[in-house]
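Just upload_4.txt here, compact mmCIF, C-alpha atoms:
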```
# COMPACT_ATOMS: atom_id res chain seq x y z
CA MET A 211 179.94 67.85 -143.16
CA THR A 212 181.07 71.45 -142.87
CA ASP A 213 180.59 74.01 -145.62
CA TRP A 214 184.25 73.97 -146.68
CA LYS A 215 184.02 70.26 -147.41
CA LYS A 216 181.02 70.82 -149.67
CA CYS A 217 182.87 73.60 -151.44
CA LEU A 218 185.95 71.45 -151.95
CA LYS A 219 183.89 68.64 -153.47
CA GLU A 220 182.24 71.10 -155.83
CA PHE A 221 185.66 72.48 -156.74
CA CYS A 222 186.90 69.00 -157.64
CA LYS A 223 184.01 68.51 -160.09
CA HIS A 224 185.14 71.44 -162.21
CA ASN A 225 188.95 71.41 -161.99
CA ALA A 226 190.16 68.17 -163.53
CA GLY A 227 191.21 70.29 -166.50
CA GLU A 228 193.49 72.37 -164.29
CA VAL A 229 195.16 69.21 -163.00
CA GLN A 230 195.72 68.01 -166.57
CA ARG A 231 197.08 71.40 -167.69
CA LEU A 232 199.42 71.53 -164.72
CA THR A 233 200.55 67.93 -165.29
CA TYR A 234 201.51 68.67 -168.89
CA GLU A 235 203.41 71.84 -167.91
CA LEU A 236 205.29 70.05 -165.13
CA CYS A 237 206.16 67.17 -167.48
CA ALA A 238 208.17 69.58 -169.64
CA ILE A 239 210.42 70.54 -166.72
CA PRO A 240 213.26 68.02 -166.18
CA ALA A 241 213.54 66.89 -162.56
CA PRO A 242 216.12 64.10 -162.20
CA THR A 243 216.70 63.00 -158.65
CA GLY A 244 219.00 65.48 -156.95
CA ASN A 245 218.41 68.18 -159.55
CA GLU A 246 214.78 69.19 -159.05
CA ARG A 247 215.54 72.91 -158.72
CA ARG A 248 213.65 74.10 -161.82
CA ARG A 249 210.55 72.08 -161.04
CA ALA A 250 210.71 73.26 -157.43
CA GLN A 251 210.78 76.88 -158.56
CA TYR A 252 207.72 76.26 -160.72
CA CYS A 253 205.84 74.67 -157.81
CA LEU A 254 206.86 77.49 -155.47
CA SER A 255 205.71 80.15 -157.94
CA TYR A 256 202.41 78.35 -158.54
CA LEU A 257 201.62 78.17 -154.83
CA ARG A 258 202.68 81.73 -154.09
CA GLY A 259 200.67 82.90 -157.08
CA HIS A 260 197.59 81.47 -155.36
CA GLY A 261 198.36 83.17 -152.05
CA ALA A 262 200.19 80.36 -150.27
CA GLN A 263 202.95 81.22 -147.79
CA ALA A 264 205.22 78.58 -149.29
CA TYR A 265 208.99 78.34 -149.02
CA LEU A 266 211.98 76.24 -150.06
CA ASP A 267 213.66 74.39 -147.21
CA GLU A 268 217.37 73.53 -147.05
CA ALA A 269 216.85 70.17 -148.80
CA GLY A 270 215.04 71.79 -151.73
CA ASN A 271 211.51 70.77 -150.71
CA VAL A 272 208.66 73.18 -151.42
CA VAL A 273 206.75 73.49 -148.14
CA PHE A 274 203.39 75.16 -147.48
CA PRO A 275 202.24 74.88 -143.85
CA TYR A 276 198.51 75.61 -143.66
CA ALA A 277 196.99 76.50 -140.27
CA CYS A 278 200.09 75.18 -138.50
CA ASP A 279 200.88 78.16 -136.25
CA GLY A 280 199.81 76.49 -133.02
CA PRO A 281 201.34 73.53 -131.17
CA GLU A 282 198.72 71.05 -132.35
CA LYS A 283 199.50 67.94 -134.38
CA VAL A 284 199.43 68.25 -138.17
CA LEU A 285 198.87 66.13 -141.24
CA VAL A 286 201.76 66.04 -143.72
CA PHE A 287 200.52 65.75 -147.31
CA ALA A 288 203.31 65.11 -149.84
CA ALA A 289 204.14 64.26 -153.45
CA HIS A 290 207.65 63.98 -154.86
CA MET A 291 208.98 66.19 -157.64
CA ASP A 292 211.80 64.00 -158.94
CA THR A 293 211.70 61.44 -161.74
CA VAL A 294 214.09 58.65 -162.72
CA PHE A 295 214.92 60.30 -166.05
CA SER A 296 218.07 62.23 -166.92
CA GLU A 297 218.23 65.93 -167.75
CA ASP A 298 218.49 65.28 -171.50
CA THR A 299 215.52 62.88 -171.77
CA PRO A 300 212.99 64.19 -174.35
CA LEU A 301 209.91 65.33 -172.41
CA CYS A 302 206.99 65.83 -174.74
CA VAL A 303 203.46 64.74 -173.86
CA ARG A 304 201.92 62.65 -176.63
CA GLU A 305 198.21 61.87 -176.62
CA GLU A 306 196.97 58.70 -178.27
CA GLY A 307 193.37 57.69 -177.79
CA GLU A 308 192.53 57.65 -174.08
CA LYS A 309 196.18 57.83 -173.00
CA ALA A 310 198.81 60.53 -172.58
CA PHE A 311 202.45 59.40 -172.78
CA CYS A 312 205.53 61.07 -171.31
CA PRO A 313 208.44 59.92 -169.13
CA GLY A 314 207.54 60.62 -165.51
CA ILE A 315 203.94 61.64 -166.21
CA GLY A 316 202.51 59.22 -163.67
CA ASP A 317 205.43 58.84 -161.28
CA ASP A 318 204.99 61.33 -159.89
CA THR A 319 204.05 64.34 -161.99
CA ALA A 320 200.26 63.94 -162.16
CA ASN A 321 200.08 63.26 -158.42
CA LEU A 322 202.20 66.35 -157.82
CA ALA A 323 199.73 68.37 -159.89
CA VAL A 324 196.84 67.10 -157.75
CA LEU A 325 198.63 68.19 -154.60
CA LEU A 326 199.39 71.64 -156.01
CA VAL A 327 195.79 72.23 -157.07
CA LEU A 328 194.47 71.22 -153.65
CA ALA A 329 197.09 73.27 -151.80
CA ALA A 330 196.19 76.31 -153.92
CA TRP A 331 192.51 75.83 -153.05
CA PHE A 332 193.32 75.80 -149.34
CA ALA A 333 195.44 78.94 -149.71
CA GLN A 334 192.69 80.80 -151.56
CA ASN A 335 189.68 79.65 -149.53
CA ALA A 336 191.20 79.44 -146.02
CA PRO A 337 188.85 76.77 -144.63
CA ARG A 338 188.68 76.36 -140.86
CA THR A 339 190.01 72.86 -140.31
CA LYS A 340 190.35 70.91 -137.08
CA GLN A 341 194.09 70.59 -137.56
CA GLY A 342 196.82 71.97 -139.77
CA VAL A 343 198.21 70.40 -142.90
CA VAL A 344 201.70 70.70 -144.33
CA PHE A 345 201.64 70.49 -148.13
CA VAL A 346 205.02 69.34 -149.45
CA CYS A 347 206.52 68.94 -152.92
CA ASN A 348 209.56 66.94 -151.94
CA VAL A 349 212.86 66.00 -153.56
CA CYS A 350 214.86 62.77 -153.85
CA GLU A 351 212.26 60.04 -153.54
CA GLU A 352 213.57 57.95 -156.42
CA GLY A 353 216.48 55.49 -156.40
CA LEU A 354 219.66 56.69 -154.79
CA GLY A 355 218.01 59.92 -153.70
CA ASN A 356 217.60 57.86 -150.54
CA LEU A 357 214.50 59.81 -149.43
CA LYS A 358 216.62 62.86 -148.69
CA GLY A 359 213.67 65.23 -148.96
CA THR A 360 211.44 63.39 -146.51
CA ARG A 361 214.32 62.79 -144.10
CA ALA A 362 214.94 66.54 -143.97
CA LEU A 363 211.23 67.30 -143.68
CA MET A 364 210.79 64.94 -140.74
CA GLN A 365 213.71 66.48 -138.91
CA GLN A 366 211.57 69.59 -138.65
CA TRP A 367 208.05 68.18 -138.44
CA ALA A 368 208.22 64.67 -136.93
CA GLU A 369 207.30 65.70 -133.39
CA ARG A 370 204.19 67.49 -134.64
CA THR A 371 203.14 64.99 -137.31
CA ARG A 372 200.07 62.97 -136.45
CA MET A 373 199.80 61.28 -139.86
CA PHE A 374 201.69 61.32 -143.15
CA LEU A 375 200.03 60.92 -146.55
CA SER A 376 201.92 60.55 -149.84
CA LEU A 377 200.47 60.77 -153.34
CA ASP A 378 202.44 58.35 -155.52
CA CYS A 379 201.92 55.55 -158.05
CA THR A 380 198.41 54.73 -159.35
CA CYS A 381 194.97 54.23 -157.85
CA GLU A 382 195.29 50.45 -157.94
CA ALA A 383 196.77 50.16 -154.46
CA VAL A 384 197.03 51.76 -151.06
CA PHE A 385 200.50 51.19 -149.65
CA HIS A 386 200.27 50.88 -145.89
CA ARG A 387 203.53 49.08 -145.10
CA ALA A 388 207.07 50.27 -145.82
CA VAL A 389 209.54 48.17 -147.77
CA GLY A 390 212.96 48.88 -146.31
CA SER A 391 216.15 48.38 -148.30
CA LYS A 392 219.93 48.53 -148.22
CA ARG A 393 221.96 49.10 -151.37
CA TYR A 394 225.67 48.48 -151.86
CA ARG A 395 228.38 48.93 -154.44
CA VAL A 396 230.93 46.12 -153.98
CA THR A 397 234.31 46.42 -155.71
CA ALA A 398 236.90 43.63 -155.79
CA HIS A 399 240.61 44.28 -156.37
CA THR A 400 243.04 41.53 -157.49
CA GLU A 401 246.55 41.29 -158.97
CA GLY A 402 245.21 40.63 -162.49
CA GLY A 403 247.67 40.12 -165.33
CA HIS A 404 247.97 38.81 -168.89
CA SER A 405 245.41 36.14 -169.69
CA PHE A 406 248.12 33.73 -170.94
CA SER A 407 251.38 34.49 -169.14
CA ALA A 408 249.68 35.23 -165.79
CA PHE A 409 247.11 32.46 -166.08
CA GLY A 410 246.05 31.31 -162.63
CA ASN A 411 246.08 34.76 -161.05
CA THR A 412 242.82 35.66 -159.35
CA SER A 413 240.34 37.61 -161.48
CA ALA A 414 238.23 40.29 -159.88
CA ILE A 415 235.42 39.24 -162.19
CA GLU A 416 235.59 35.73 -160.74
CA VAL A 417 235.35 37.13 -157.20
CA ILE A 418 232.32 39.24 -158.03
CA SER A 419 230.74 36.37 -159.98
CA HIS A 420 230.98 34.08 -156.94
CA LEU A 421 229.50 36.82 -154.78
CA VAL A 422 226.57 37.22 -157.15
CA GLU A 423 226.06 33.46 -157.24
CA ASN A 424 226.02 33.35 -153.44
CA ILE A 425 223.52 36.21 -153.22
CA TYR A 426 221.17 34.35 -155.53
CA SER A 427 221.47 31.28 -153.30
CA ILE A 428 220.15 33.10 -150.22
CA GLN A 429 217.11 31.58 -148.53
CA VAL A 430 215.16 34.70 -147.62
CA PRO A 431 213.93 34.92 -144.03
CA ARG A 432 210.27 35.08 -143.14
CA HIS A 433 208.60 36.72 -140.17
CA GLY A 434 204.80 36.62 -140.07
CA GLN A 435 203.42 37.89 -143.38
CA SER A 436 206.71 39.50 -144.43
CA THR A 437 208.12 39.68 -147.94
CA THR A 438 211.91 39.85 -148.44
CA THR A 439 213.85 40.07 -151.70
CA TYR A 440 217.36 40.58 -153.08
CA ASN A 441 218.78 41.73 -156.41
CA VAL A 442 222.02 42.44 -158.25
CA GLY A 443 221.24 45.24 -160.66
CA LEU A 444 224.63 46.05 -162.19
CA ILE A 445 227.93 44.25 -162.88
CA GLU A 446 230.99 45.93 -164.38
CA GLY A 447 234.76 45.46 -164.60
CA GLY A 448 237.73 44.27 -166.58
CA THR A 449 239.69 45.92 -169.39
CA SER A 450 240.13 43.43 -172.25
CA VAL A 451 239.46 39.89 -173.36
CA ASN A 452 243.15 39.06 -172.92
CA ALA A 453 243.56 40.62 -169.48
CA ILE A 454 242.76 39.07 -166.10
CA ALA A 455 240.53 41.67 -164.49
CA GLN A 456 242.12 43.67 -161.67
CA THR A 457 238.85 45.32 -160.66
CA ALA A 458 235.22 44.39 -160.94
CA ALA A 459 232.11 45.61 -159.15
CA CYS A 460 228.44 44.97 -158.65
CA VAL A 461 225.57 46.98 -157.26
CA CYS A 462 223.23 44.92 -155.11
CA GLU A 463 220.40 45.34 -152.64
CA PHE A 464 218.00 43.58 -150.34
CA ARG A 465 214.50 44.67 -149.39
CA SER A 466 211.92 43.69 -146.80
CA ASP A 467 208.76 45.04 -145.26
CA ASP A 468 209.84 43.66 -141.88
CA GLU A 469 212.62 45.03 -139.65
CA VAL A 470 213.47 41.58 -138.25
CA CYS A 471 214.06 40.25 -141.76
CA MET A 472 216.01 43.39 -142.65
CA ALA A 473 218.42 42.69 -139.79
CA GLN A 474 218.83 39.05 -140.81
CA MET A 475 219.50 39.98 -144.43
CA GLU A 476 222.09 42.53 -143.37
CA GLN A 477 223.93 39.83 -141.42
CA THR A 478 223.76 37.48 -144.42
CA PHE A 479 225.12 40.10 -146.83
CA GLU A 480 227.94 40.98 -144.45
CA LYS A 481 228.88 37.29 -144.22
CA LEU A 482 228.98 37.00 -148.02
CA PHE A 483 231.10 40.15 -148.28
CA ALA A 484 233.55 38.67 -145.74
CA GLN A 485 233.81 35.45 -147.75
CA ALA A 486 234.50 37.40 -150.95
CA ARG A 487 237.11 39.52 -149.20
CA GLU A 488 239.16 36.40 -148.44
CA LYS A 489 239.47 35.68 -152.19
CA CYS A 490 241.02 38.97 -153.32
CA LEU A 491 243.55 41.63 -152.40
CA SER A 492 240.83 43.93 -151.11
CA LEU A 493 237.09 44.35 -151.26
CA ASP A 494 235.43 47.75 -150.94
CA VAL A 495 231.83 47.82 -149.77
CA GLU A 496 230.10 51.18 -150.18
CA LEU A 497 226.64 51.68 -148.70
CA LEU A 498 224.77 53.57 -151.43
CA GLY A 499 221.49 53.99 -149.63
CA THR A 500 219.30 52.68 -146.85
CA ARG A 501 215.56 52.89 -146.43
CA PRO A 502 214.00 51.80 -143.15
CA ALA A 503 210.91 49.66 -142.77
CA GLY A 504 208.09 50.53 -140.37
CA LYS A 505 208.61 50.36 -136.63
CA ASN A 506 206.28 50.70 -133.63
CA VAL A 507 203.44 52.28 -135.60
CA PRO A 508 200.18 52.49 -133.56
CA GLU A 509 198.01 49.81 -135.12
CA ASP A 510 194.66 51.52 -134.56
CA GLU A 511 195.77 54.84 -136.04
CA GLN A 512 197.45 53.11 -138.98
CA ALA A 513 194.31 51.09 -139.62
CA ARG A 514 192.18 54.26 -139.52
CA LEU A 515 194.40 56.07 -142.01
CA THR A 516 194.47 53.06 -144.31
CA ALA A 517 190.68 52.76 -144.20
CA VAL A 518 190.26 56.45 -145.02
CA CYS A 519 192.50 56.07 -148.09
CA VAL A 520 190.75 52.91 -149.25
CA ASP A 521 187.30 54.49 -148.85
CA ALA A 522 188.38 57.65 -150.71
CA VAL A 523 189.87 55.74 -153.67
CA THR A 524 186.88 53.39 -153.81
CA SER A 525 184.39 56.27 -153.75
CA ALA A 526 186.24 58.25 -156.42
CA PHE A 527 187.19 55.46 -158.83
CA GLY A 528 184.41 52.96 -158.21
CA GLN A 529 186.75 50.07 -157.40
CA PRO A 530 188.50 49.22 -154.14
CA PRO A 531 192.32 49.31 -154.23
CA ARG A 532 194.38 46.43 -152.97
CA LEU A 533 196.51 46.82 -149.85
CA SER A 534 200.22 46.43 -150.44
CA SER A 535 203.76 47.22 -149.31
CA ALA A 536 206.09 49.60 -151.14
CA SER A 537 209.19 51.74 -150.81
CA THR A 538 207.95 55.34 -150.79
CA ASP A 539 208.38 58.58 -148.87
CA CYS A 540 206.24 56.93 -146.18
CA ASN A 541 209.23 54.80 -145.16
CA ILE A 542 210.71 57.61 -143.09
CA PRO A 543 207.66 58.51 -140.97
CA LEU A 544 206.70 54.83 -140.62
CA SER A 545 210.19 54.11 -139.27
CA MET A 546 209.50 56.82 -136.66
CA GLY A 547 206.22 55.22 -135.60
CA ILE A 548 204.06 57.77 -137.46
CA PRO A 549 200.97 56.36 -139.23
CA SER A 550 201.50 56.80 -142.97
CA ALA A 551 199.94 55.70 -146.24
CA CYS A 552 200.36 56.23 -149.97
CA PHE A 553 198.12 56.01 -153.02
CA GLY A 554 197.97 57.44 -156.52
CA CYS A 555 195.41 59.76 -158.09
CA LEU A 556 195.40 58.30 -161.59
CA VAL A 557 195.05 55.31 -163.86
CA GLY A 558 198.32 54.65 -165.64
CA GLY A 559 201.23 52.34 -166.34
CA GLY A 560 204.75 51.95 -167.68
CA ALA A 561 206.34 53.70 -164.72
CA HIS A 562 210.11 54.27 -165.06
CA THR A 563 209.99 53.68 -168.81
CA LEU A 564 210.03 56.05 -171.78
CA GLU A 565 206.49 54.85 -172.62
CA GLU A 566 205.01 55.82 -169.26
CA TRP A 567 201.33 56.80 -169.58
CA ILE A 568 198.25 57.97 -167.76
CA GLN A 569 194.58 58.27 -168.64
CA PRO A 570 193.88 62.01 -168.41
CA ASP A 571 190.21 61.38 -167.68
CA SER A 572 191.27 59.64 -164.44
CA LEU A 573 192.65 62.88 -163.01
CA GLY A 574 189.18 64.12 -162.03
CA PRO A 575 188.49 61.08 -159.85
CA GLY A 576 192.07 61.33 -158.60
CA LEU A 577 191.58 64.90 -157.48
CA LEU A 578 188.38 63.85 -155.71
CA ALA A 579 190.09 60.90 -154.00
CA ALA A 580 192.79 63.15 -152.55
CA ALA A 581 190.19 65.71 -151.48
CA LEU A 582 188.04 63.07 -149.78
CA THR A 583 191.05 61.91 -147.82
CA LEU A 584 191.75 65.45 -146.63
CA GLU A 585 188.09 65.91 -145.70
CA SER A 586 188.15 62.81 -143.53
CA LEU A 587 191.44 63.59 -141.82
CA LEU A 588 190.96 67.33 -141.29
```

Structure rendered as structure tokens:
Amino acid sequence: MTDWKKCLKEFCKHNAGEVQRLTYELCAIPAPTGNERRRAQYCLSYLRGHGAQAYLDEAGNVVFPYACDGPEKVLVFAAHMDTVFSEDTPLCVREEGEKAFCPGIGDDTANLAVLLVLAAWFAQNAPRTKQGVVFVCNVCEEGLGNLKGTRALMQQWAERTRMFLSLDCTCEAVFHRAVGSKRYRVTAHTEGGHSFSAFGNTSAIEVISHLVENIYSIQVPRHGQSTTTYNVGLIEGGTSVNAIAQTAACVCEFRSDDEVCMAQMEQTFEKLFAQAREKCLSLDVELLGTRPAGKNVPEDEQARLTAVCVDAVTSAFGQPPRLSSASTDCNIPLSMGIPSACFGCLVGGGAHTLEEWIQPDSLGPGLLAAALTLESLL
């Protein structure tokens, strides 16, 4: 172990309070997906205030390349700034017992704070590492953000990225496989009419209802240990109880952690869309977002990265995390064949709800877990 690794461990013992303070300050800054500007400016100012040569890229990511001047491969170390909550959501941290509540506090604000504190330490202490690390506070991880931030980041750094590590979710799991997805808005158009005098005319609601029924009749494909799912998350349409609906729509998706199953599900959805199109005047299918699954990732390097993350979380929290699949910023590098993994630096729950919470006393172990991972990889 080199001296800088000892110093970093010692730093982690005494700076859980800084992570908590930073988490609470970040929580008060709205950062809905696609509108993270104010939180990005805070992160940029924090890093620059600690001596980091950080910058905003064209996508809005805050990027701090450390020791990346040469041609050598680098580690990308990221946490997303956006939350699922709107600009007008009340953001006030409330402490009750061992928990702190606030929308977005765990996903991904506390993890973002851990990254910022570690990046600031690197900027101030300038350790001599074996390879460079790119610290990133990225945009558009949630929902229809469609991983815009990581897509833009990889356009610049993919060729030099040896491994990609994301801080997200809680310490309960290490996510080592990417769940790909495709999301659609489907809108049916029919002649409609008065519910009595035009009775018998096709209803757009009927068309969409049949489509939803057919989606929920799909037998999902399996390939090895894959998991594949589908969902219809929104239905809307019509104008009145006494009007045959002229338009109706649904928002639907499928997901899988296997590219073979992704391709089969895409064919199935396209077939169902074609069948629905035959029942109405027109059917519009808008692709809202697509997230790729992993592809051609070197198994030995992926296994090494996964083991490092598991060991770090186990050492810091005292319990081994489970291995799982998820849709995270790792989807993009994994789809490019770059070993990638994700874990969280906290104990918490209620993600994506107004009652989201963390245990503040878990942030110390979380900071240590992230630091141990960097020590092993750098």

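A distance cut-off of 6 Å around (222.1, 38.9, -152.9), counting all atoms listed in the file, selects these protein and nucleic acid residues: Ile425, Tyr426, Tyr440 and Asn441 of chain A.
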
Can I get the selected residues back with C-alpha atoms, as a short mmCIF file (atom, residue, chain, number, x, y, z; two decimals), keeping the file's coordinate frame?
```cif
data_model
loop_
_atom_site.label_atom_id
_atom_site.label_comp_id
_atom_site.auth_asym_id
_atom_site.auth_seq_id
_atom_site.Cartn_x
_atom_site.Cartn_y
_atom_site.Cartn_z
CA ILE A 425 223.52 36.21 -153.22
CA TYR A 426 221.17 34.35 -155.53
CA TYR A 440 217.36 40.58 -153.08
CA ASN A 441 218.78 41.73 -156.41
#
```

inquiry  = Given the point (187.4, 70.6, -154.7) in the file's coordinates, find the residues that have an atom at most 10 Å from it, counting only C-alpha atoms, and give them as a PyMOL selection string.
reply    = chain A and resi 214-226+327-328+331-332+574+577-578+580-582

key: Best match for closeness to Phe374 in chain A among A:Gln456, A:Thr397, A:Thr360, A:Ser427, counting all atoms listed in the file   =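 The closest residue to Phe374 in chain A is A:Thr360.
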
task = List the neighbours of Glu305 in chain A out to 10 Å using only C-alpha atoms; skip same-chain residues closer than 6 positions along the sequence, and give me the result as a PyMOL selection string.
result = chain A and resi 311-312+567-570

Quick one: everything within 9 Å of Asp292 in chain A, counting only C-alpha atoms, minus sequence neighbours fewer than 5 positions away in the same chain. Send it as a PDB file with C-alpha atoms, keeping the file's coordinate frame.
```pdb
ATOM      1  CA  PRO A 240     213.260  68.020-166.180  1.00  0.00           C
ATOM      2  CA  ALA A 241     213.540  66.890-162.560  1.00  0.00           C
ATOM      3  CA  PRO A 242     216.120  64.100-162.200  1.00  0.00           C
ATOM      4  CA  THR A 243     216.700  63.000-158.650  1.00  0.00           C
ATOM      5  CA  GLY A 244     219.000  65.480-156.950  1.00  0.00           C
ATOM      6  CA  ASN A 245     218.410  68.180-159.550  1.00  0.00           C
ATOM      7  CA  GLU A 246     214.780  69.190-159.050  1.00  0.00           C
ATOM      8  CA  ARG A 249     210.550  72.080-161.040  1.00  0.00           C
ATOM      9  CA  GLY A 314     207.540  60.620-165.510  1.00  0.00           C
ATOM     10  CA  ASP A 317     205.430  58.840-161.280  1.00  0.00           C
ATOM     11  CA  ASP A 318     204.990  61.330-159.890  1.00  0.00           C
ATOM     12  CA  THR A 319     204.050  64.340-161.990  1.00  0.00           C
ATOM     13  CA  ASN A 348     209.560  66.940-151.940  1.00  0.00           C
ATOM     14  CA  VAL A 349     212.860  66.000-153.560  1.00  0.00           C
ATOM     15  CA  CYS A 350     214.860  62.770-153.850  1.00  0.00           C
ATOM     16  CA  GLU A 351     212.260  60.040-153.540  1.00  0.00           C
ATOM     17  CA  GLU A 352     213.570  57.950-156.420  1.00  0.00           C
TER      18      GLU A 352
END
```

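You will find CA of Ile548 in chain A at 13.2 Å from CA of Arg361 in chain A.
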
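For the set A:Ala277, A:Leu421, A:Leu357, A:Ala408, the residue with the smallest atom-to-atom gap to Ala484 in chain A is A:Leu421, counting all atoms listed in the file.
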
ask   = Pick the closest to Arg532 in chain A from A:Ala388, A:Val520, A:Met472, A:Val303: which is it, counting only C-alpha atoms?
value =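 For Arg532 in chain A, the nearest of the candidates is A:Val520.
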
key: Which of A:Leu573, A:Ala362, A:Val430, A:Cys490 sits closest to Ser466 in chain A [using all atoms listed in the file]   =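 Using all atoms listed in the file, Ser466 in chain A sits closest to A:Val430.
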
query = What does the distance from CA of Gln429 in chain A to CA of Ala398 in chain A come to in Å, to one decimal?
reply =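 Distance reported for this atom pair: 24.3 Å.
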
task = Could you tell me which of A:Gln477, A:Gln366, A:Asn321, A:Ser450 comes closest to Cys552 in chain A if we count all atoms listed in the file?
result = A:Asn321

query = Which one of A:Leu236, A:Cys379, A:Cys471, A:Val344 sits closest to Leu363 in chain A if you count all atoms listed in the file?
reply = A:Val344

note = Students should find that CA of Gly342 in chain A and CA of Asp279 in chain A are spaced 8.2 Å

Proximity check range 548-581 of chain A to range 511-519 of chain A, 7 Å, nearest pairs one decimal Å, all atoms listed in the file, as a tab-separated table:
```
residue	atom	partner	partner_atom	distance
A:Pro549	CA	A:Gln512	CA	4.8
A:Ser550	CA	A:Gln512	CA	6.8
A:Ala551	CA	A:Thr516	CA	6.4
```

Please reconstruct the missing atoms of range 484-499 of chain A (target: N, CA and C atoms) and return them as a compact mmCIF listing (two decimals), in the frame of the given file.
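This went into part.txt:
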```
# COMPACT_ATOMS: atom_id res chain seq x y z
N ALA A 484 232.34 39.15 -146.43
CA ALA A 484 233.55 38.67 -145.74
C ALA A 484 234.16 37.49 -146.49
N GLN A 485 233.31 36.60 -146.99
CA GLN A 485 233.81 35.45 -147.75
C GLN A 485 234.49 35.91 -149.04
N ALA A 486 233.91 36.89 -149.72
CA ALA A 486 234.50 37.40 -150.95
C ALA A 486 235.81 38.12 -150.68
N ARG A 487 235.89 38.78 -149.55
CA ARG A 487 237.11 39.52 -149.20
C ARG A 487 238.32 38.59 -149.04
N GLU A 488 238.08 37.37 -148.63
CA GLU A 488 239.16 36.40 -148.44
C GLU A 488 239.75 35.94 -149.77
N LYS A 489 239.05 36.18 -150.88
CA LYS A 489 239.47 35.68 -152.19
C LYS A 489 240.19 36.72 -153.04
N CYS A 490 240.40 37.92 -152.50
CA CYS A 490 241.02 38.97 -153.32
C CYS A 490 241.94 39.84 -152.47
N LEU A 491 242.65 40.74 -153.13
CA LEU A 491 243.55 41.63 -152.40
C LEU A 491 242.78 42.54 -151.46
N SER A 492 241.68 43.08 -151.95
CA SER A 492 240.83 43.93 -151.11
C SER A 492 239.44 43.98 -151.70
N LEU A 493 238.48 44.25 -150.84
CA LEU A 493 237.09 44.35 -151.26
C LEU A 493 236.49 45.59 -150.61
N ASP A 494 236.05 46.52 -151.44
CA ASP A 494 235.43 47.75 -150.94
C ASP A 494 233.92 47.59 -150.97
N VAL A 495 233.28 47.87 -149.85
CA VAL A 495 231.83 47.82 -149.77
C VAL A 495 231.32 49.22 -149.42
N GLU A 496 230.63 49.83 -150.37
CA GLU A 496 230.10 51.18 -150.18
C GLU A 496 228.59 51.11 -150.02
N LEU A 497 228.08 51.64 -148.91
CA LEU A 497 226.64 51.68 -148.70
C LEU A 497 226.07 52.85 -149.50
N LEU A 498 225.31 52.54 -150.55
CA LEU A 498 224.77 53.57 -151.43
C LEU A 498 223.50 54.20 -150.89
N GLY A 499 222.74 53.45 -150.14
CA GLY A 499 221.49 53.99 -149.63
C GLY A 499 220.82 53.00 -148.69
```
